[in-house]
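Peer 1: One file: upload-v2.cif (mmCIF, C-alpha atoms).
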```cif
data_model
loop_
_atom_site.group_PDB
_atom_site.id
_atom_site.type_symbol
_atom_site.label_atom_id
_atom_site.label_comp_id
_atom_site.auth_asym_id
_atom_site.auth_seq_id
_atom_site.Cartn_x
_atom_site.Cartn_y
_atom_site.Cartn_z
ATOM 1 C CA MET A 241 -15.407 -31.869 -66.757
ATOM 2 C CA ASN A 242 -16.933 -28.920 -64.971
ATOM 3 C CA LYS A 243 -17.379 -31.017 -61.849
ATOM 4 C CA LEU A 244 -13.661 -31.942 -61.901
ATOM 5 C CA LYS A 245 -12.677 -28.283 -62.154
ATOM 6 C CA LYS A 246 -14.924 -27.428 -59.211
ATOM 7 C CA VAL A 247 -13.366 -30.182 -57.090
ATOM 8 C CA GLN A 248 -9.844 -29.021 -58.029
ATOM 9 C CA PHE A 249 -10.794 -25.424 -57.174
ATOM 10 C CA ILE A 250 -12.168 -26.456 -53.768
ATOM 11 C CA ILE A 251 -9.043 -28.527 -52.971
ATOM 12 C CA ILE A 252 -6.707 -25.695 -53.996
ATOM 13 C CA SER A 253 -8.738 -23.182 -51.984
ATOM 14 C CA THR A 254 -8.660 -25.454 -48.959
ATOM 15 C CA ILE A 255 -4.897 -25.917 -49.238
ATOM 16 C CA LEU A 256 -4.352 -22.193 -49.598
ATOM 17 C CA SER A 257 -6.606 -21.423 -46.633
ATOM 18 C CA PHE A 258 -4.831 -24.007 -44.503
ATOM 19 C CA GLY A 259 -1.483 -22.573 -45.581
ATOM 20 C CA LEU A 260 -2.556 -19.083 -44.629
ATOM 21 C CA ILE A 261 -3.767 -20.296 -41.231
ATOM 22 C CA VAL A 262 -0.487 -22.114 -40.558
ATOM 23 C CA SER A 263 1.522 -19.105 -41.738
ATOM 24 C CA ALA A 264 -0.504 -16.757 -39.582
ATOM 25 C CA ALA A 265 -0.006 -19.030 -36.579
ATOM 26 C CA LEU A 266 3.743 -19.211 -37.185
ATOM 27 C CA ILE A 267 4.028 -15.439 -37.615
ATOM 28 C CA SER A 268 1.898 -14.846 -34.529
ATOM 29 C CA ASN A 269 4.039 -17.239 -32.530
ATOM 30 C CA ALA A 270 7.228 -15.567 -33.765
ATOM 31 C CA ILE A 271 5.903 -12.106 -32.903
ATOM 32 C CA ASP A 272 4.815 -13.353 -29.490
ATOM 33 C CA LYS A 273 8.282 -14.751 -28.826
ATOM 34 C CA THR A 274 9.896 -11.519 -29.991
ATOM 35 C CA ASN A 275 7.644 -9.454 -27.720
ATOM 36 C CA LYS A 276 8.436 -11.675 -24.805
ATOM 37 C CA LEU A 277 12.140 -11.432 -25.465
ATOM 38 C CA ASP A 278 11.906 -7.660 -25.754
ATOM 39 C CA ASN A 279 9.357 -7.239 -22.984
ATOM 40 C CA ARG A 280 10.522 -5.301 -20.025
ATOM 41 C CA ILE A 281 9.108 -3.564 -16.990
ATOM 42 C CA THR A 282 10.041 -0.100 -15.738
ATOM 43 C CA VAL A 283 9.513 0.868 -12.104
ATOM 44 C CA LYS A 284 10.516 3.615 -9.697
ATOM 45 C CA GLY A 285 12.359 2.871 -6.485
ATOM 46 C CA VAL A 286 12.158 5.258 -3.533
ATOM 47 C CA ALA A 287 14.271 5.527 -0.385
ATOM 48 C CA GLU A 288 13.954 7.932 2.533
ATOM 49 C CA LYS A 289 16.087 8.477 5.605
ATOM 50 C CA ARG A 290 15.846 10.762 8.637
ATOM 51 C CA ILE A 291 19.247 12.359 9.232
ATOM 52 C CA LYS A 292 20.557 14.375 12.179
ATOM 53 C CA SER A 293 22.597 17.434 11.235
ATOM 54 C CA ASP A 294 26.243 17.399 12.243
ATOM 55 C CA LYS A 295 26.945 21.166 12.222
ATOM 56 C CA ALA A 296 25.160 24.256 13.508
ATOM 57 C CA LEU A 297 25.670 27.823 12.278
ATOM 58 C CA ILE A 298 24.791 30.961 14.259
ATOM 59 C CA LYS A 299 25.465 34.428 12.873
ATOM 60 C CA ILE A 300 25.968 37.565 14.962
ATOM 61 C CA ILE A 301 25.408 40.659 12.835
ATOM 62 C CA ILE A 302 26.834 43.972 14.051
ATOM 63 C CA SER A 303 25.667 47.061 12.148
ATOM 64 C CA ASN A 304 25.748 50.810 12.542
ATOM 65 C CA LYS A 305 25.448 54.105 10.667
ATOM 66 C CA ASN A 306 27.577 57.217 11.053
ATOM 67 C CA GLU A 307 28.486 60.345 9.134
ATOM 68 C CA ASN A 308 32.126 59.931 10.093
ATOM 69 C CA LEU A 309 33.927 56.861 8.757
ATOM 70 C CA ASP A 310 36.460 56.643 11.603
ATOM 71 C CA ASN A 311 33.739 56.914 14.235
ATOM 72 C CA LEU A 312 31.778 54.188 12.470
ATOM 73 C CA LYS A 313 34.747 51.806 12.640
ATOM 74 C CA LYS A 314 35.260 52.583 16.348
ATOM 75 C CA GLU A 315 31.608 51.875 17.117
ATOM 76 C CA ILE A 316 31.717 48.558 15.265
ATOM 77 C CA ASP A 317 34.957 47.606 17.054
ATOM 78 C CA ALA A 318 33.387 48.395 20.438
ATOM 79 C CA ARG A 319 30.447 46.114 19.720
ATOM 80 C CA GLU A 320 32.761 43.410 18.396
ATOM 81 C CA LYS A 321 34.562 43.442 21.761
ATOM 82 C CA ILE A 322 31.232 42.987 23.575
ATOM 83 C CA VAL A 323 30.471 39.966 21.395
ATOM 84 C CA ILE A 324 33.918 38.372 21.833
ATOM 85 C CA ASP A 325 33.684 38.748 25.611
ATOM 86 C CA LYS A 326 30.327 36.970 25.495
ATOM 87 C CA LEU A 327 31.729 34.139 23.411
ATOM 88 C CA LYS A 328 34.552 33.698 25.897
ATOM 89 C CA SER A 329 32.084 33.550 28.785
ATOM 90 C CA LEU A 330 30.230 30.755 26.940
ATOM 91 C CA LYS A 331 33.560 28.934 26.448
ATOM 92 C CA ILE A 332 33.267 29.109 22.660
ATOM 93 C CA SER A 333 36.802 28.732 21.350
ATOM 94 C CA GLU A 334 38.372 31.014 18.735
ATOM 95 C CA ASN A 335 38.494 28.075 16.320
ATOM 96 C CA SER A 336 34.704 27.889 16.412
ATOM 97 C CA TYR A 337 33.982 31.347 15.034
ATOM 98 C CA ASP A 338 35.071 33.550 12.159
ATOM 99 C CA ILE A 339 34.980 37.349 11.935
ATOM 100 C CA GLU A 340 34.303 38.644 8.450
ATOM 101 C CA ASN A 341 35.833 41.875 7.186
ATOM 102 C CA LEU A 342 33.891 45.019 7.935
ATOM 103 C CA LYS A 343 31.699 46.017 4.999
ATOM 104 C CA ILE A 344 31.124 49.727 4.494
ATOM 105 C CA GLN A 345 28.532 51.235 2.190
ATOM 106 C CA PRO A 346 28.520 55.014 1.573
ATOM 107 C CA ASN A 347 25.131 56.697 1.179
ATOM 108 C CA TYR A 348 25.073 59.566 -1.325
ATOM 109 C CA ASP A 349 22.977 62.712 -1.420
ATOM 110 C CA LYS A 350 22.412 62.940 -5.152
ATOM 111 C CA ALA A 351 21.530 66.510 -6.003
ATOM 112 C CA LYS A 352 18.644 67.041 -8.343
ATOM 113 C CA GLU A 353 19.487 67.548 -11.930
ATOM 114 C CA LYS A 354 18.803 70.927 -13.468
ATOM 115 C CA ALA A 355 18.302 71.899 -17.020
ATOM 116 C CA SER A 356 20.258 74.750 -18.544
ATOM 117 C CA GLN A 357 18.162 77.773 -19.572
ATOM 118 C CA ASN A 358 20.151 78.145 -22.781
ATOM 119 C CA ASN A 359 19.738 74.578 -24.064
ATOM 120 C CA GLU A 360 18.201 71.161 -23.251
ATOM 121 C CA GLU A 361 21.403 69.646 -21.859
ATOM 122 C CA THR A 362 21.183 68.254 -18.320
ATOM 123 C CA VAL A 363 23.818 69.199 -15.812
ATOM 124 C CA ALA A 364 24.322 66.883 -12.784
ATOM 125 C CA LEU A 365 25.575 68.490 -9.619
ATOM 126 C CA GLU A 366 28.360 66.783 -7.688
ATOM 127 C CA SER A 367 27.195 63.918 -5.398
ATOM 128 C CA LYS A 368 27.860 64.219 -1.711
ATOM 129 C CA ILE A 369 28.287 61.402 0.870
ATOM 130 C CA LEU A 370 25.675 61.797 3.587
ATOM 131 C CA ASN A 371 26.779 58.936 5.850
ATOM 132 C CA TYR A 372 28.117 55.369 5.960
ATOM 133 C CA ASP A 373 26.504 52.021 6.728
ATOM 134 C CA GLY A 374 28.788 49.459 8.346
ATOM 135 C CA GLN A 375 28.218 45.742 8.887
ATOM 136 C CA GLU A 376 30.345 42.996 10.404
ATOM 137 C CA ILE A 377 29.302 39.340 10.726
ATOM 138 C CA ILE A 378 30.680 36.865 13.246
ATOM 139 C CA SER A 379 29.825 33.293 12.258
ATOM 140 C CA ILE A 380 29.862 30.549 14.880
ATOM 141 C CA VAL A 381 30.091 26.946 13.649
ATOM 142 C CA THR A 382 29.795 24.128 16.156
ATOM 143 C CA GLY A 383 29.534 20.370 15.967
ATOM 144 C CA ASP A 384 27.878 20.294 19.385
ATOM 145 C CA ILE A 385 24.380 20.210 17.935
ATOM 146 C CA ASP A 386 22.592 19.651 21.216
ATOM 147 C CA LYS A 387 24.122 22.811 22.721
ATOM 148 C CA ALA A 388 23.555 25.112 19.747
ATOM 149 C CA LYS A 389 20.094 26.179 20.885
ATOM 150 C CA LYS A 390 21.421 27.003 24.353
ATOM 151 C CA PHE A 391 24.230 29.061 22.793
ATOM 152 C CA TYR A 392 21.642 30.967 20.788
ATOM 153 C CA GLU A 393 19.485 31.724 23.818
ATOM 154 C CA ASN A 394 22.498 33.028 25.752
ATOM 155 C CA LEU A 395 23.690 35.115 22.821
ATOM 156 C CA LEU A 396 20.311 36.863 22.671
ATOM 157 C CA GLU A 397 21.418 38.719 25.813
ATOM 158 C CA LEU A 398 23.734 40.734 23.554
ATOM 159 C CA LYS A 399 20.685 42.509 22.144
ATOM 160 C CA LEU A 400 20.066 43.961 25.613
ATOM 161 C CA GLN A 401 23.505 45.555 25.490
ATOM 162 C CA SER A 402 23.149 47.010 22.000
ATOM 163 C CA ASP A 403 20.305 47.648 19.567
ATOM 164 C CA ASN A 404 22.701 47.203 16.661
ATOM 165 C CA ILE A 405 23.418 43.516 17.267
ATOM 166 C CA GLU A 406 21.255 40.813 15.686
ATOM 167 C CA ILE A 407 21.455 37.063 16.335
ATOM 168 C CA THR A 408 20.187 34.584 13.731
ATOM 169 C CA LYS A 409 18.505 31.338 14.696
ATOM 170 C CA PRO A 410 20.778 28.292 14.498
ATOM 171 C CA GLU A 411 20.919 26.798 11.023
ATOM 172 C CA TYR A 412 21.537 23.049 11.115
ATOM 173 C CA ILE A 413 23.581 21.523 8.318
ATOM 174 C CA VAL A 414 24.349 18.003 7.089
ATOM 175 C CA THR A 415 27.915 18.134 5.782
ATOM 176 C CA ASN A 416 28.380 14.502 4.645
ATOM 177 C CA ILE A 417 25.483 14.418 2.172
ATOM 178 C CA ASP A 418 27.356 12.275 -0.374
ATOM 179 C CA LYS A 419 27.660 9.416 2.127
ATOM 180 C CA TYR A 420 23.915 9.398 2.713
ATOM 181 C CA LYS A 421 23.192 9.658 -1.013
ATOM 182 C CA LYS A 422 25.161 6.445 -1.589
ATOM 183 C CA ASP A 423 23.200 4.647 1.131
ATOM 184 C CA LEU A 424 19.908 5.934 -0.263
ATOM 185 C CA LEU A 425 20.885 4.836 -3.768
ATOM 186 C CA VAL A 426 21.392 1.267 -2.530
ATOM 187 C CA ASP A 427 18.053 1.292 -0.696
ATOM 188 C CA ALA A 428 16.187 2.824 -3.648
ATOM 189 C CA THR A 429 17.656 0.150 -5.960
ATOM 190 C CA LYS A 430 16.439 -2.597 -3.634
ATOM 191 C CA ASN A 431 13.031 -0.959 -3.477
ATOM 192 C CA ALA A 432 12.799 -0.827 -7.299
ATOM 193 C CA GLU A 433 13.664 -4.534 -7.568
ATOM 194 C CA PHE A 434 11.104 -5.426 -4.892
ATOM 195 C CA ARG A 435 8.385 -3.468 -6.708
ATOM 196 C CA ALA A 436 9.197 -5.129 -10.025
ATOM 197 C CA ILE A 437 9.071 -8.610 -8.447
ATOM 198 C CA GLU A 438 5.732 -7.911 -6.757
ATOM 199 C CA MET A 439 4.189 -6.529 -9.966
ATOM 200 C CA LEU A 440 5.321 -9.523 -12.051
ATOM 201 C CA LYS A 441 3.984 -12.007 -9.499
ATOM 202 C CA VAL A 442 0.469 -11.146 -10.680
ATOM 203 C CA ASN A 443 1.116 -12.997 -13.970
ATOM 204 C CA SER A 444 3.507 -15.542 -12.445
ATOM 205 C CA ASN A 445 6.474 -13.911 -14.186
ATOM 206 C CA GLU A 446 9.917 -12.987 -12.873
ATOM 207 C CA ILE A 447 12.593 -10.408 -13.543
ATOM 208 C CA ASN A 448 15.334 -11.616 -15.850
ATOM 209 C CA GLY A 449 18.101 -9.122 -15.159
ATOM 210 C CA LEU A 450 18.515 -5.376 -15.041
ATOM 211 C CA LYS A 451 18.475 -3.505 -18.348
ATOM 212 C CA SER A 452 19.108 0.028 -17.098
ATOM 213 C CA MET A 453 18.865 2.274 -14.088
ATOM 214 C CA THR A 454 18.986 6.056 -13.687
ATOM 215 C CA GLN A 455 19.051 8.183 -10.580
ATOM 216 C CA GLY A 456 16.221 10.654 -10.400
ATOM 217 C CA GLN A 457 15.356 13.381 -7.950
ATOM 218 C CA PHE A 458 17.282 13.814 -4.710
ATOM 219 C CA GLU A 459 15.644 16.046 -2.101
ATOM 220 C CA ILE A 460 16.283 17.304 1.406
ATOM 221 C CA LEU A 461 12.892 17.836 3.013
ATOM 222 C CA LYS A 462 11.414 19.090 6.270
ATOM 223 C CA ASP A 463 11.264 16.764 9.229
ATOM 224 C CA ASN A 464 7.717 16.216 10.456
ATOM 225 C CA GLU A 465 8.523 13.681 13.163
ATOM 226 C CA ASP A 466 9.857 16.253 15.624
ATOM 227 C CA ILE A 467 6.534 17.668 16.821
ATOM 228 C CA LEU A 468 8.097 20.515 18.806
ATOM 229 C CA ASN A 469 10.015 21.853 15.800
ATOM 230 C CA LYS A 470 7.819 20.850 12.857
ATOM 231 C CA ASP A 471 6.786 24.476 12.230
ATOM 232 C CA GLU A 472 10.394 25.654 11.965
ATOM 233 C CA GLU A 473 11.944 26.353 8.580
ATOM 234 C CA MET A 474 13.905 23.399 7.240
ATOM 235 C CA GLN A 475 17.274 25.096 7.776
ATOM 236 C CA ASN A 476 16.388 25.585 11.458
ATOM 237 C CA GLN A 477 15.489 21.923 12.059
ATOM 238 C CA ILE A 478 18.078 19.600 13.582
ATOM 239 C CA TYR A 479 16.753 16.595 11.660
ATOM 240 C CA LYS A 480 16.306 16.489 7.889
ATOM 241 C CA ARG A 481 14.451 13.998 5.720
ATOM 242 C CA MET A 482 16.366 12.881 2.643
ATOM 243 C CA ARG A 483 14.605 11.283 -0.300
ATOM 244 C CA LEU A 484 16.046 9.709 -3.447
ATOM 245 C CA VAL A 485 14.271 8.192 -6.470
ATOM 246 C CA VAL A 486 15.637 5.816 -9.125
ATOM 247 C CA THR A 487 14.056 4.536 -12.339
ATOM 248 C CA ALA A 488 14.920 0.913 -13.181
ATOM 249 C CA THR A 489 14.054 -1.212 -16.203
ATOM 250 C CA TYR A 490 14.159 -5.025 -15.904
ATOM 251 C CA PHE A 491 13.853 -7.798 -18.492
ATOM 252 C CA ILE A 492 10.961 -10.205 -17.921
ATOM 253 C CA ARG A 493 11.267 -13.982 -17.671
ATOM 254 C CA TYR A 494 8.019 -15.748 -18.709
#
```
Take the structure in the file and write it out as C-alpha cells.
Peer 2:
Amino acid sequence: MNKLKKVQFIIISTILSFGLIVSAALISNAIDKTNKLDNRITVKGVAEKRIKSDKALIKIIISNKNENLDNLKKEIDAREKIVIDKLKSLKISENSYDIENLKIQPNYDKAKEKASQNNEETVALESKILNYDGQEIISIVTGDIDKAKKFYENLLELKLQSDNIEITKPEYIVTNIDKYKKDLLVDATKNAEFRAIEMLKVNSNEINGLKSMTQGQFEILKDNEDILNKDEEMQNQIYKRMRLVVTATYFIRY
C-alpha cells in the first residue's frame, strides 16, 4: 500500500513539474512576443548645410558731444552730409540705407547732497545739464554680398574726415532661414532612418514603421571651411553652417 502511494506521489509530482515547465515556456514565449511587438529603436538624425548669406549690413555711427543742443544738431547734420555724399560716390542708392532718428542724451551735473544743520533731513540741490551726447546711425543693407567688403573698405575713408564717425564691419545675414530648416529637416529624417537600418542590420532585423519623431536643436554655427575668414566672428562671416537634429523612434520587425 505504501509503495502504491509512493508511485502515485511520483506520478503526480512529475505531471505537476511538466505542467510548470510547459506553463513557463508558454509564458516566456508570450512575453517574448509581447516584447518584440513593443520593441522599438530610438536614434538621432543629423543634417548640416553650408549656406551663403543673402544680405549684408553695415552701420555708420555718427556721434558728438556739445554743451549747446542746437550746435550739437548742426554738427551731426554736417557729418551726415559727409556720409551721404560718400554713399552717392559709391553709387549706393537711397533705398539701400536708412537714417535713424537722432538720439540725444543729456548729461547732468548732480550737486552733492547736504545735510541740514538743524535736522537729519537731506536736501538735494537742483540738477544742472552739463552737456549733451548725440548719436545718429545710418544702416546700409545690400544684397550684393560680394561687394559689401569693398563698400566697407571705402567707407573707412570717412574716419579720415571726422573722428566722430565709426564704421562697423559688415554683418552677413541669412534671411530665408525657414526654407533651409525645411530642407535640413528632410535630410535629418533620412539620416535617422539610415542609422536605424544600419543598427538593426547587426541582428538581421528591420524597421517596421515610424512611431514618432521630434525636432531637436537647430543651430547656426561658424564656418570653418573659409580659411581666410575662419577667425572672424560668426556674424561677420559670409558663409554660415546650419545644423539640425531630430530624434526618431521606429518599430522593429524581427
Peer 1: Suppose a student applies the PyMOL selection byres ((chain A and resi 290-306) around 8) to this structure; what residues should they get, written as a VMD selection string?
Peer 2: chain A and resid 288 to 289 307 to 309 311 to 312 315 to 316 319 to 320 371 to 385 388 392 404 to 415 463 478 to 482
Peer 1: Just write the chosen residues, C-alpha atoms, as a PDB file, in the coordinates of the input.
Peer 2:
```pdb
ATOM      1  CA  GLU A 288      13.954   7.932   2.533  1.00  0.00           C
ATOM      2  CA  LYS A 289      16.087   8.477   5.605  1.00  0.00           C
ATOM      3  CA  GLU A 307      28.486  60.345   9.134  1.00  0.00           C
ATOM      4  CA  ASN A 308      32.126  59.931  10.093  1.00  0.00           C
ATOM      5  CA  LEU A 309      33.927  56.861   8.757  1.00  0.00           C
ATOM      6  CA  ASN A 311      33.739  56.914  14.235  1.00  0.00           C
ATOM      7  CA  LEU A 312      31.778  54.188  12.470  1.00  0.00           C
ATOM      8  CA  GLU A 315      31.608  51.875  17.117  1.00  0.00           C
ATOM      9  CA  ILE A 316      31.717  48.558  15.265  1.00  0.00           C
ATOM     10  CA  ARG A 319      30.447  46.114  19.720  1.00  0.00           C
ATOM     11  CA  GLU A 320      32.761  43.410  18.396  1.00  0.00           C
ATOM     12  CA  ASN A 371      26.779  58.936   5.850  1.00  0.00           C
ATOM     13  CA  TYR A 372      28.117  55.369   5.960  1.00  0.00           C
ATOM     14  CA  ASP A 373      26.504  52.021   6.728  1.00  0.00           C
ATOM     15  CA  GLY A 374      28.788  49.459   8.346  1.00  0.00           C
ATOM     16  CA  GLN A 375      28.218  45.742   8.887  1.00  0.00           C
ATOM     17  CA  GLU A 376      30.345  42.996  10.404  1.00  0.00           C
ATOM     18  CA  ILE A 377      29.302  39.340  10.726  1.00  0.00           C
ATOM     19  CA  ILE A 378      30.680  36.865  13.246  1.00  0.00           C
ATOM     20  CA  SER A 379      29.825  33.293  12.258  1.00  0.00           C
ATOM     21  CA  ILE A 380      29.862  30.549  14.880  1.00  0.00           C
ATOM     22  CA  VAL A 381      30.091  26.946  13.649  1.00  0.00           C
ATOM     23  CA  THR A 382      29.795  24.128  16.156  1.00  0.00           C
ATOM     24  CA  GLY A 383      29.534  20.370  15.967  1.00  0.00           C
ATOM     25  CA  ASP A 384      27.878  20.294  19.385  1.00  0.00           C
ATOM     26  CA  ILE A 385      24.380  20.210  17.935  1.00  0.00           C
ATOM     27  CA  ALA A 388      23.555  25.112  19.747  1.00  0.00           C
ATOM     28  CA  TYR A 392      21.642  30.967  20.788  1.00  0.00           C
ATOM     29  CA  ASN A 404      22.701  47.203  16.661  1.00  0.00           C
ATOM     30  CA  ILE A 405      23.418  43.516  17.267  1.00  0.00           C
ATOM     31  CA  GLU A 406      21.255  40.813  15.686  1.00  0.00           C
ATOM     32  CA  ILE A 407      21.455  37.063  16.335  1.00  0.00           C
ATOM     33  CA  THR A 408      20.187  34.584  13.731  1.00  0.00           C
ATOM     34  CA  LYS A 409      18.505  31.338  14.696  1.00  0.00           C
ATOM     35  CA  PRO A 410      20.778  28.292  14.498  1.00  0.00           C
ATOM     36  CA  GLU A 411      20.919  26.798  11.023  1.00  0.00           C
ATOM     37  CA  TYR A 412      21.537  23.049  11.115  1.00  0.00           C
ATOM     38  CA  ILE A 413      23.581  21.523   8.318  1.00  0.00           C
ATOM     39  CA  VAL A 414      24.349  18.003   7.089  1.00  0.00           C
ATOM     40  CA  THR A 415      27.915  18.134   5.782  1.00  0.00           C
ATOM     41  CA  ASP A 463      11.264  16.764   9.229  1.00  0.00           C
ATOM     42  CA  ILE A 478      18.078  19.600  13.582  1.00  0.00           C
ATOM     43  CA  TYR A 479      16.753  16.595  11.660  1.00  0.00           C
ATOM     44  CA  LYS A 480      16.306  16.489   7.889  1.00  0.00           C
ATOM     45  CA  ARG A 481      14.451  13.998   5.720  1.00  0.00           C
ATOM     46  CA  MET A 482      16.366  12.881   2.643  1.00  0.00           C
TER      47      MET A 482
END
```
Peer 1: If you measure from atom CA of A:Glu334 to atom CA of A:Ile417, what distance in Å do you get, rounded to one decimal?
Peer 2: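 So the answer is 26.8 Å.
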Peer 1: Hey, can you check how far atom CA of A:Thr429 sits from atom CA of A:Ala488?
Peer 2: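 Between atom CA of A:Thr429 and atom CA of A:Ala488 the gap is 7.8 Å.
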Peer 1: From the set A:Glu433, A:Asp325, A:Glu340, A:Glu438, which residue has the shortest atom-to-atom contact distance to A:Thr487, counting all atoms listed in the file?
Peer 2: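 Ranking A:Glu433, A:Asp325, A:Glu340, A:Glu438 by distance to A:Thr487, first place goes to A:Glu433.
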Peer 1: A:Ile322, A:Leu484, A:Val283, A:Leu468: which is nearest A:Val426, counting all atoms listed in the file?
Peer 2: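 Checking each candidate against A:Val426, we get A:Leu484 as the closest.
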Peer 1: Find, counting all atoms listed in the file, the residue in A:Leu400, A:Val286, A:Ile332, A:Ala432 that gets nearest to A:Ser452.
Peer 2: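 Ranked by minimum distance to A:Ser452, first place goes to A:Ala432.
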Peer 1: Could you give me, as number ranges by chain, the residues within 6 Å of A:Asn431, counting only C-alpha atoms and dropping anything in the same chain fewer than 3 positions from it?
Peer 2: A: 285, 428, 434
Peer 1: Calculate how many Å separate atom CA of A:Asn416 from atom CA of A:Arg435, rounding to one decimal.
Peer 2: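 Going from atom CA of A:Asn416 over to atom CA of A:Arg435, I get 29.2 Å.
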Peer 1: Nearest residue to A:Ile437 out of A:Asp349, A:Lys422, A:Ile492, A:Phe458, using only C-alpha atoms?
Peer 2: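 Of A:Asp349, A:Lys422, A:Ile492, A:Phe458, the one nearest A:Ile437 is A:Ile492, counting only C-alpha atoms.
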Peer 1: Restricting the calculation to only C-alpha atoms: of A:Glu393, A:Asp471, A:Asp338, A:Asp423, which residue gets closest to A:Arg483?
Peer 2: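 Closest residue, counting only C-alpha atoms: A:Asp423.
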Peer 1: So that I can look at just that part, could you write stretch 412-418 of chain A with all heavy atoms, as a short mmCIF file (atom, residue, chain, number, x, y, z; two decimals), in the first residue's frame?
Peer 2:
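Here's the written file selection-v7.cif:
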```cif
data_model
loop_
_atom_site.label_atom_id
_atom_site.label_comp_id
_atom_site.auth_asym_id
_atom_site.auth_seq_id
_atom_site.Cartn_x
_atom_site.Cartn_y
_atom_site.Cartn_z
N TYR A 412 26.84 89.66 -42.00
CA TYR A 412 26.19 88.90 -43.08
C TYR A 412 25.04 88.09 -42.51
O TYR A 412 25.18 87.41 -41.49
CB TYR A 412 27.21 88.01 -43.78
CG TYR A 412 28.32 88.81 -44.44
CD1 TYR A 412 29.55 88.99 -43.81
CD2 TYR A 412 28.12 89.39 -45.69
CE1 TYR A 412 30.56 89.74 -44.41
CE2 TYR A 412 29.13 90.13 -46.29
CZ TYR A 412 30.35 90.31 -45.65
OH TYR A 412 31.34 91.06 -46.24
N ILE A 413 23.90 88.17 -43.18
CA ILE A 413 22.66 87.61 -42.64
C ILE A 413 22.00 86.68 -43.64
O ILE A 413 21.98 86.95 -44.84
CB ILE A 413 21.66 88.75 -42.29
CG1 ILE A 413 22.33 89.76 -41.34
CG2 ILE A 413 20.38 88.21 -41.69
CD1 ILE A 413 21.72 91.13 -41.38
N VAL A 414 21.45 85.57 -43.12
CA VAL A 414 20.63 84.65 -43.92
C VAL A 414 19.19 84.98 -43.60
O VAL A 414 18.73 84.78 -42.47
CB VAL A 414 20.95 83.18 -43.60
CG1 VAL A 414 20.07 82.25 -44.44
CG2 VAL A 414 22.42 82.88 -43.84
N THR A 415 18.45 85.49 -44.57
CA THR A 415 17.08 85.94 -44.30
C THR A 415 16.04 84.82 -44.46
O THR A 415 14.99 84.87 -43.84
CB THR A 415 16.70 87.11 -45.22
OG1 THR A 415 16.81 86.70 -46.59
CG2 THR A 415 17.62 88.29 -44.99
N ASN A 416 16.32 83.84 -45.33
CA ASN A 416 15.32 82.78 -45.59
C ASN A 416 15.67 81.51 -44.82
O ASN A 416 15.79 80.42 -45.38
CB ASN A 416 15.21 82.50 -47.09
CG ASN A 416 16.56 82.29 -47.75
OD1 ASN A 416 17.60 82.61 -47.17
ND2 ASN A 416 16.56 81.77 -48.96
N ILE A 417 15.81 81.65 -43.50
CA ILE A 417 16.20 80.53 -42.64
C ILE A 417 15.16 79.41 -42.67
O ILE A 417 15.52 78.23 -42.68
CB ILE A 417 16.43 81.02 -41.20
CG1 ILE A 417 17.71 81.86 -41.13
CG2 ILE A 417 16.54 79.84 -40.22
CD1 ILE A 417 18.01 82.43 -39.78
N ASP A 418 13.88 79.77 -42.69
CA ASP A 418 12.82 78.75 -42.65
C ASP A 418 12.93 77.77 -43.82
O ASP A 418 12.66 76.57 -43.67
CB ASP A 418 11.44 79.40 -42.64
CG ASP A 418 11.12 80.05 -41.31
OD1 ASP A 418 11.78 79.68 -40.32
OD2 ASP A 418 10.25 80.92 -41.25
#
```
